[in-house]
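A short worksheet on the structure shown next.
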Amino acid sequence: MQDSPNSRPTEGLEIFSDRSFPEWLAQEQISIGYTTYQTDRLTLLGVNSETGRFSGFERSFGRAMGLYVQENRLYLGTKYQIWQFENALELGQLHNGYDKLYIPKVGYTTGDLDVHDIVIDGNGQLVFVSTMLNCLATLSSSHSCKPLWKPPFISRVINEDRCHLNGLALVDGFPRYVTACSQSDIVDGWRDRRVAGGCAIDIQTNEILVRGLSMPHSPRFYQGKLWLLNSGTGELGTVDMAAGKFEPLVFCPGFLRGLAFWKNWAIVGLSKPRHGDRSFSGLPLDETLTKKDADPRCGLMVIDLNSGAIVHWYQIEGIVTELYDVQVLPNVQRPMLLGFQTEEIAQLISIAPADLAPISSNPIQLSTPSAPTQIEADIVPQTETIAHESVHKSSIDLAQTQLDRSRLFKQQNQLSEAETCLREAVRIYPQFWGAWNNLGTLLQNQNRLEEALQCYEIAILHNPTFAESIANRASLWQLDGELERAKTDYLQAIQLKPEYVPAHFNLATIYYQQRHFEAAIEHFQEVVKLQPNYHEAHFALAQILEYRDRYELAEQHYQLAEQFSPNPLQISLVVANLRLRFCDWREYEKRTQDLIAILSDPIQRQHCYLSPLTASNFPIPLALHRAMAEVRGYSLVQQATQLQLKHPSLRFSHDRSMRSKIRLGYISPDFREHAVGRLICELFQHHDRARFEIFAYSCVDVNDRITQQVRSGCDRYIDLSALSTADAAKQIHGDKVDIAIDLAGYTIGNLSEVLALQPAPIQIQWLGYPDTMGAPFIQYILADNWLIPSEHTSHFTEEVIYLPHAFVSSPLPIRDRPFTRTELGLPKTGFIYCCFNSHYKINPQVFDVWMRILNQVPKSVLWLTDGDERAKQNLRQAAIDRDVDPKRLIFASKKDHGDYLAQFQVANLFLDTFNYNAGSTAAAAVWAGLPLLTKLGETYAGRMGASICSSVGLESMICQSVEEYEQRSIEFGKNPALLKSIESKLQKHKEQLPLFNLAKFARDLESAYRRIWDSNGN
């Protein structure tokens, strides 16, 4: 198998495959990683382009099991550690003929938790199955792990393998389904149920989806289906969730573990059952193999998902008899990795570019996940301590006197005098580590960061257990973007001084930046436990909890922040915004007026805690949208200017010379299972490659079905999530992007601080953010005449570039499954009004109208999306208050996206919300053939429904007033036949409508890009 001197063949190991398997790997431009804990190996299987033969590279890791792959990173579960590998090669760079070189960079010590499947969720959190503890868990900075979920039949988290929980599947980037070999709640009980006691579980509902499986493994959600390996029968198949049945697709001759997908193929790992081991004996697999006159195999099989045919096979003979996990490495031809048992890991040294990351003298800023408000997280150098060493007492006294004088001067803001005193203190007593520390803090506060670092280093040299200086040094690493070095120092400081609040706070902000939310929560919670009145920590903690949909706990911490804050009114507005998620409209009118008053005052507006995105949640004047956004835009420009002053290399110049192709760079955190991702994933493949080159820049490290589709449609796909602001900007500029298209604005995970450095000569915002960004570094916005009519352009700092028909175009995959009213919990008769908008878009005004409609249309119901139980209860109570039976509000259960679209076909009319219209939801409704009724609003967010109606020829469904909206809704409800012609119009030649004609839309986009490029003198 191996063909390089760096990866010599293992003795006693033989490899066979079908003749065309290497050719298939090369053609698809993929490699395969597989693990075997039986012989402690991780193997990467690719193809040597020079010979056309397999290139296999293996390294030893004790009990190698769960494997997870990202674009330039691998995660591997081993006996007592989880290893994070990073690719050390640049795009196009080779190392001894290999195009990926994975180096173990971070080892998370867990102890022997029997780690099986590993994933990275949509928030960047590492989640794994601990089979020993019978639970899902994540990493902990201070413990072996932090349990996240256990099956309902497991009575406690304890180190007893009871049910043999083993497999984990993501849906929309988050853990959703698991497999277990039994439902036993006694130690080792699963072995007694291995033949038919296995099950698959939905961890969101705790529902057991299917029973009667035989040692199931490797659940994976792919192409809208839950796949798994029924290992004890040797079958790959899917779960029919409605029927609670496993539907086998194909039998493979082996005990199956490890499942990956590529396009329309499944790649399955096979093992030989252990003879003499009762866990693997007496399984249905044995009987099937006997009937087929076959022996079990160890290796891989590639299976066509349509036919179930085995199109390629790869067989291992010799000392390797079992595999555990299988993963696909996209766009990798010939990978290698370093282990610990040879000298190569010591000998391989790579040097990063010498340009340092930017130094910011401003406080680190923490972005709000669900609403990107910012809170300043001060990196506070502090604590003044004198060393008590055996020196002459008079020297200590003199040094102490100088230290005391420095404090007085500092209090009076006489910084030069304070510095003189501190320098005199360390001259008198050079080992005075407390004075060195305070001199460092003084210099750091003056932005003399290199001098400050030297002071902290000297303080630590004289007192290696001085937690404050270690944490202060960490603050400099943090400011410089060297987050891993900062984390190491903060953790050391906390170990030395467990109750050191600034270290916990700053470490939490780093974990937040890296999207390790559970770790951030853990340290913010420690801060508020140690210092209950720390309002910034309460606020930051609430922001993360809100993003993680833990709304009630978030509300509690917002209220504590409000209690201790010097500016409680600002936080009360954040609380009011959060309560919209619960449909809790207490003081809604008052809070709206408070917000208008704050935004109307130029001074108060500078300190508004709400994100510009939330302006669309309240009925505030359009002019204040721009004013609110300009505060954020100005702040970003100031930060960028400071970075450029410290690092002149960030003052980018741009080559505007003519070239054969315009290079487009799309930037988004949502190239994943997300509303924006689903709308845009098919666009890139339609761009004219003769005129344009397409780059996609992801702000989030994720890899799901949407990610793969985006990647396959682009010329280059680059993950920026692990880069600092400066390095991300340098990447975009170095790629010579001509036009950067920002798809996020000020939404979650955005890179606005990167765009503020103007890495591309032309920067446009489009689609993902329904408002102006108020920022000079975004020169254009793409829209249509409905979204931004000419009379509204003065409220946008961007120049509006009008698209001819629609602001978006996207056909959506809809499940070919007719639902009945009964199975969806709907009445058999009566008119069904539907609104699947998020609950925060529902306000008292629109709900009043909806209830009046229901009162006027007998037996009608309002079908809403599912959500928080508190929100549903508030809506039911609001219905009662308006004399409507709460049973007429029906909440749809959650479904995968294909079924979600299909169920629209059961409703009669989609009722849009007012302030913030449906966007992707409206597109989904009309794609499914459901008529949409909307009211034209004042803002971009309040006009999306009109744009979508117009793009499918339903201008008649755009209402100019609340009264018209109400009247027409009642008219349709009393006479449903009026909707038949509209439904017919939506279904007839649907693909030709502008909203769904993606090829035509791509040409319109390209014309807009060309006009912009030409108008800039190119």
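Simple scheme: letters A, B, ... for chains in structure tokens order, numbers from 1 for residues in each chain, numbers from 1 for ligands in the order shown.
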When you look at segment 70-86 of chain A with a cut-off of 6 Å (counting only C-alpha atoms), what residues show up, excluding the ones that are within fewer than 5 positions of it in the same chain? I need them as a ChimeraX atom specification.
/A:62-65,102-112,115
Taking the DSSP assignment computed from this structure's backbone, write out as a ChimeraX atom specification all residues of segment 723-953 of chain A that belong to strand (DSSP E or B).
/A:739-742,762-765,780-783,799-802,832-835,861-865,889-892,909-911,932-935
Which residue of A:Ala999, A:Leu213, A:Val332, A:Leu300 approaches Val69 of chain A most closely, using only C-alpha atoms:
A:Val332
Counting only C-alpha atoms, figure out which residue out of A:Gln559, A:Ser724, A:Asn166, A:Gln873 gets nearest to Ile510 of chain A.
A:Ser724
Using only C-alpha atoms, the residue out of A:Glu963, A:Asp727, A:Asp1014, A:Glu526 with shortest distance to Asp848 of chain A is A:Glu963
I'd like the neighbourhood of Ser49 of chain A as a JSON list (two decimals) with N, CA, C and O atoms, in the first residue's frame, where a residue qualifies if any of its atoms comes within 10 Å (using only C-alpha atoms), though same-chain residues fewer than 5 positions away should be ignored.
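Below is the file that was written, selection-v8.json:
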[["chain", "number", "residue", "atom", "x", "y", "z"],
["A", 22, "PRO", "N", -8.24, 3.09, -6.85],
["A", 22, "PRO", "CA", -7.33, 4.25, -6.83],
["A", 22, "PRO", "C", -7.71, 5.32, -7.85],
["A", 22, "PRO", "O", -7.64, 6.52, -7.57],
["A", 23, "GLU", "N", -8.13, 4.88, -9.03],
["A", 23, "GLU", "CA", -8.53, 5.83, -10.07],
["A", 23, "GLU", "C", -9.74, 6.64, -9.62],
["A", 23, "GLU", "O", -9.84, 7.85, -9.88],
["A", 26, "ALA", "N", -8.67, 9.31, -7.13],
["A", 26, "ALA", "CA", -7.99, 10.41, -7.83],
["A", 26, "ALA", "C", -8.98, 11.28, -8.60],
["A", 26, "ALA", "O", -8.90, 12.50, -8.60],
["A", 54, "PHE", "N", -2.12, 3.39, -4.70],
["A", 54, "PHE", "CA", -2.47, 3.87, -3.38],
["A", 54, "PHE", "C", -1.27, 4.48, -2.68],
["A", 54, "PHE", "O", -0.14, 4.01, -2.81],
["A", 55, "SER", "N", -1.52, 5.54, -1.94],
["A", 55, "SER", "CA", -0.53, 6.09, -1.01],
["A", 55, "SER", "C", -1.16, 6.01, 0.37],
["A", 55, "SER", "O", -2.09, 6.76, 0.67],
["A", 97, "GLY", "N", 6.16, 15.15, -1.57],
["A", 97, "GLY", "CA", 5.14, 14.62, -2.47],
["A", 97, "GLY", "C", 3.75, 14.58, -1.87],
["A", 97, "GLY", "O", 2.80, 14.22, -2.56],
["A", 333, "GLN", "N", -5.33, 14.85, -2.13],
["A", 333, "GLN", "CA", -4.92, 13.75, -3.01],
["A", 333, "GLN", "C", -4.04, 12.75, -2.28],
["A", 333, "GLN", "O", -4.21, 11.54, -2.41],
["A", 334, "ARG", "N", -3.10, 13.28, -1.47],
["A", 334, "ARG", "CA", -2.13, 12.37, -0.86],
["A", 334, "ARG", "C", -1.71, 12.94, 0.50],
["A", 334, "ARG", "O", -0.76, 13.70, 0.61]]
Could you state the separation of atom CA of His217 of chain A and atom CA of Glu673 of chain A in Å, given to one decimal place?
23.8 Å
Leaving out Arg427 of chain A and any residue of its chain fewer than 2 positions from it, which residues lie within 12 Å of it when counting only C-alpha atoms, given as a ChimeraX atom specification?
/A:395-396,398-400,402-403,420-425,429-433,435-436
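Every protein, DNA or RNA residue with an atom at most 8 Å from segment 439-444 of chain A, where only C-alpha atoms count and chain neighbours fewer than 4 positions away do not, is listed here: Ser361, Pro381, Gln382, Leu415, Glu419, Leu422, Arg423, Ala435, Arg448, Leu449, Glu451, Ala452, Leu453, Gln454, Cys455, Tyr456 and Asn472 of chain A.
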